[in-house]
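Let me begin by presenting the structure, written as structure tokens, before commenting on it.
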Amino acid sequence: MRETTQTVAEGLEGVVAARTRISDVDGEAGRLTIAGFALEEIAGRATAEEMIWLLWRDALPTAPERDAFARDLAERRALPSIALDLLRAAAARQSDPMDALRMAAATLSLDAPADDEDQARTVIARFPVIAAAYERLSQGHEPIAPRPDLGHAANYLYCLTGAPASPERVRALETYWNAVADHGLNASTFTARVIAATGSDLVSAVTGAVGALKGPLHGGAPGPALDMVFEIGSPERAEPILREKLERGERMMGFGHRIYKVRDPRADVLASAAERLFQSDGDRALYRIALEVEQTVLRLLEEYKPGRRLQTNVEFYTALLLHGLGMPTRLFTPTFAAGRAAGWLAHCFEQRRTGRIIRPQSEYVGERGRTYPSQE
Ligand code: ACO
């Protein structure tokens, strides 16, 4: 076999594959920078539309730009009948909501022009409408037509229930979407960049990214964190139940992270948003249990896993916040996708500007010189 001196970076760990102005994840300091803003500075203040513009243009919009952008997104929301037919067929088969989103996303190139900006705007406008329509269809209800007079986040909440959402709820969803809009070169973002780098269209890029995000190692974890809080049920049960789980070697869902070795900054932003939301409405008892669970888990992890630097991650408070917004766990990952699509598309624009295809190499470790068996 041929000798090789190349080093293989399994999982591309430690490989820097792009220069970006979109976001920076500092796992040692627990800092997330979004286009120059600390996450804590921007997440609770910007509207969803402002955040998308910021990621795409590397600057906040002026007021006229923001209003025109919001109007344009609102006008693009209505789903083509082919997308609705597909969602109905998927609901009849009880398909996974991320499969439904991927299939409906693929239809968006039918009536979106090939122009990147147009496709990107159509994707952003329709992703939440698709997620809401599929949620309603899969529960046996008709989809609710989007309302062009509502903002991006308010319209999503409206399409889920048919009732206008309170400003506190809209703010909570916008804070969540802003907190997860971009996070370095994560797997789905890398997928989108690889597709965009081939010169393919942006609907193809986000459709591929949805497929990557569906995987349980990437976007599918907040449900179990909430299940743990439900199982505990009251603050005094937290310690015995959690101790038992750790004794059995179980992992604490919503804790630990490959990159963050201190508290995930998104957990702080989402914890504050959850606190505000649960003050105005929602299940206050559940919120109190969640706080107790978090404190108990952190204390027990110090005891059972000393030195591993395990902290609360984004999933723990995502689960609490989205539950507070009345969403069932099956909607968590599609809602995440609707927020992350802003980052995917920003990376596609950035990748396009490099003009280079992404084409790493592999090291062949298979046989050589095999011969085809002669036919008897
Ligand atoms: N609960 C208990 N112990 C844990 C946890 C946890 N949540 N996370 C890690 N550990 C322990 C491991 O058992 C291991 O202990 P050991 O040294 O005695 O064997 C040590 O900490 C290191 O664990 P690794 O698996 O090497 O850490 P890694 O960085 O690969 O894992 C991961 C990161 C997958 C997120 C992990 O912390 C985990 O499974 N967390 C629970 C699931 C979860 O919350 N996932 C969502 C993550 S957020 C996101 O990805 C967007």
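Chains: A, B, ... in order of the structure tokens. Residues: from 1 per chain. Ligands: from 1, in order shown.
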Please check which protein, DNA or RNA residues sit within 6 Å of ligand 1, counting only C-alpha atoms and all ligand atoms, and write them as a PDB file with N, CA and C atoms, in the first residue's frame.
```pdb
ATOM      1  N   HIS A 218     -27.398  16.932  15.839  1.00  0.00           N
ATOM      2  CA  HIS A 218     -27.318  18.367  15.536  1.00  0.00           C
ATOM      3  C   HIS A 218     -28.546  19.097  16.081  1.00  0.00           C
ATOM      4  N   ALA A 221     -32.221  17.737  19.832  1.00  0.00           N
ATOM      5  CA  ALA A 221     -32.076  17.391  21.257  1.00  0.00           C
ATOM      6  C   ALA A 221     -32.988  18.079  22.290  1.00  0.00           C
ATOM      7  N   ARG A 251     -26.969  10.458  30.835  1.00  0.00           N
ATOM      8  CA  ARG A 251     -26.547  11.841  30.583  1.00  0.00           C
ATOM      9  C   ARG A 251     -27.669  12.808  30.946  1.00  0.00           C
ATOM     10  N   MET A 252     -27.271  13.953  31.451  1.00  0.00           N
ATOM     11  CA  MET A 252     -28.236  14.993  31.781  1.00  0.00           C
ATOM     12  C   MET A 252     -28.532  15.779  30.509  1.00  0.00           C
ATOM     13  N   MET A 253     -29.765  15.698  30.022  1.00  0.00           N
ATOM     14  CA  MET A 253     -30.094  16.343  28.757  1.00  0.00           C
ATOM     15  C   MET A 253     -30.132  17.862  28.929  1.00  0.00           C
ATOM     16  N   GLY A 254     -29.487  18.571  27.982  1.00  0.00           N
ATOM     17  CA  GLY A 254     -29.427  20.035  28.092  1.00  0.00           C
ATOM     18  C   GLY A 254     -28.184  20.506  28.831  1.00  0.00           C
ATOM     19  N   PHE A 255     -27.224  19.587  29.041  1.00  0.00           N
ATOM     20  CA  PHE A 255     -25.979  19.957  29.729  1.00  0.00           C
ATOM     21  C   PHE A 255     -24.790  19.386  28.963  1.00  0.00           C
ATOM     22  N   GLY A 256     -23.670  20.144  28.973  1.00  0.00           N
ATOM     23  CA  GLY A 256     -22.474  19.708  28.266  1.00  0.00           C
ATOM     24  C   GLY A 256     -22.477  20.219  26.834  1.00  0.00           C
ATOM     25  N   HIS A 257     -21.296  20.442  26.281  1.00  0.00           N
ATOM     26  CA  HIS A 257     -21.180  20.923  24.900  1.00  0.00           C
ATOM     27  C   HIS A 257     -19.772  20.637  24.396  1.00  0.00           C
ATOM     28  N   ARG A 258     -19.644  20.288  23.119  1.00  0.00           N
ATOM     29  CA  ARG A 258     -18.327  19.993  22.551  1.00  0.00           C
ATOM     30  C   ARG A 258     -17.429  21.231  22.552  1.00  0.00           C
ATOM     31  N   ARG A 308     -14.916  17.938  34.439  1.00  0.00           N
ATOM     32  CA  ARG A 308     -15.343  17.821  33.022  1.00  0.00           C
ATOM     33  C   ARG A 308     -15.916  19.139  32.501  1.00  0.00           C
ATOM     34  N   ASN A 313     -26.464  23.908  28.441  1.00  0.00           N
ATOM     35  CA  ASN A 313     -26.330  24.286  27.034  1.00  0.00           C
ATOM     36  C   ASN A 313     -27.627  24.904  26.510  1.00  0.00           C
ATOM     37  N   VAL A 314     -27.605  25.272  25.231  1.00  0.00           N
ATOM     38  CA  VAL A 314     -28.728  26.014  24.638  1.00  0.00           C
ATOM     39  C   VAL A 314     -30.047  25.236  24.687  1.00  0.00           C
ATOM     40  N   GLU A 315     -29.945  23.894  24.675  1.00  0.00           N
ATOM     41  CA  GLU A 315     -31.164  23.093  24.541  1.00  0.00           C
ATOM     42  C   GLU A 315     -32.071  23.179  25.765  1.00  0.00           C
TER      43      GLU A 315
END
```
- Item | Expected answer as a PyMOL selection string: alpha helix (DSSP H) residues in region 104-336 of chain A | chain A and resi 104-106+116-138+152-161+167-180+187-197+202-214+222-232+238-247+265-280+284-304+314-324+332-336
- Query: Do you know which residues are at most 9 Å from Ala48 (chain A) counting only C-alpha atoms, after dropping those on the same chain fewer than 5 positions away, and could you put them as a PyMOL selection string?
  - Reply: chain A and resi 53+151-153+173-175+177-178+339
Closest-contact table, region 136-181 of chain A side, partner region 5-25 of chain A, 12 Å, counting only C-alpha atoms, as a Markdown table:
```
| residue | atom | partner | partner_atom | distance |
| --- | --- | --- | --- | --- |
| A:Asn178 | CA | A:Ser23 | CA | 11.9 |
| A:Ala179 | CA | A:Ser23 | CA | 11.2 |
| A:Val180 | CA | A:Ser23 | CA | 10.9 |
| A:Ala181 | CA | A:Ser23 | CA | 9.5 |
```
Grab the residues selected above and save them as a PDB file, in the first residue's frame with N, CA, C and O atoms.
```pdb
ATOM      1  N   ASN A 178     -33.172  35.025  17.264  1.00  0.00           N
ATOM      2  CA  ASN A 178     -31.923  35.787  17.194  1.00  0.00           C
ATOM      3  C   ASN A 178     -30.771  35.007  17.835  1.00  0.00           C
ATOM      4  O   ASN A 178     -29.634  35.049  17.376  1.00  0.00           O
ATOM      5  N   ALA A 179     -31.086  34.293  18.926  1.00  0.00           N
ATOM      6  CA  ALA A 179     -30.033  33.562  19.653  1.00  0.00           C
ATOM      7  C   ALA A 179     -29.511  32.366  18.851  1.00  0.00           C
ATOM      8  O   ALA A 179     -28.365  31.960  19.038  1.00  0.00           O
ATOM      9  N   VAL A 180     -30.344  31.806  17.981  1.00  0.00           N
ATOM     10  CA  VAL A 180     -29.905  30.609  17.236  1.00  0.00           C
ATOM     11  C   VAL A 180     -29.677  30.891  15.749  1.00  0.00           C
ATOM     12  O   VAL A 180     -29.437  29.973  14.975  1.00  0.00           O
ATOM     13  N   ALA A 181     -29.739  32.172  15.354  1.00  0.00           N
ATOM     14  CA  ALA A 181     -29.684  32.509  13.915  1.00  0.00           C
ATOM     15  C   ALA A 181     -28.381  32.056  13.266  1.00  0.00           C
ATOM     16  O   ALA A 181     -28.367  31.686  12.087  1.00  0.00           O
TER      17      ALA A 181
END
```
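Proximity to Phe230 (chain A) at 12 Å, evaluated using only C-alpha atoms and with sequence-adjacent residues fewer than 2 positions away removed, yields A:Gly223, A:Pro224, A:Ala225, A:Leu226, A:Asp227, A:Met228, A:Ile232, A:Gly233, A:Ser234, A:Pro235, A:Arg237, A:Ala238, A:Ile241, A:Asp283, A:Ala285, A:Leu286, A:Tyr287, A:Arg288, A:Ile289, A:Ala290, A:Val293, A:Ala319, A:Leu320, A:His323.
From CA of Leu137 (chain A) back to CA of Leu84 (chain A), the distance works out to 9.5 Å.
Here CA of Gln295 (chain A) and CA of Glu168 (chain A) stand 26.0 Å from one another.
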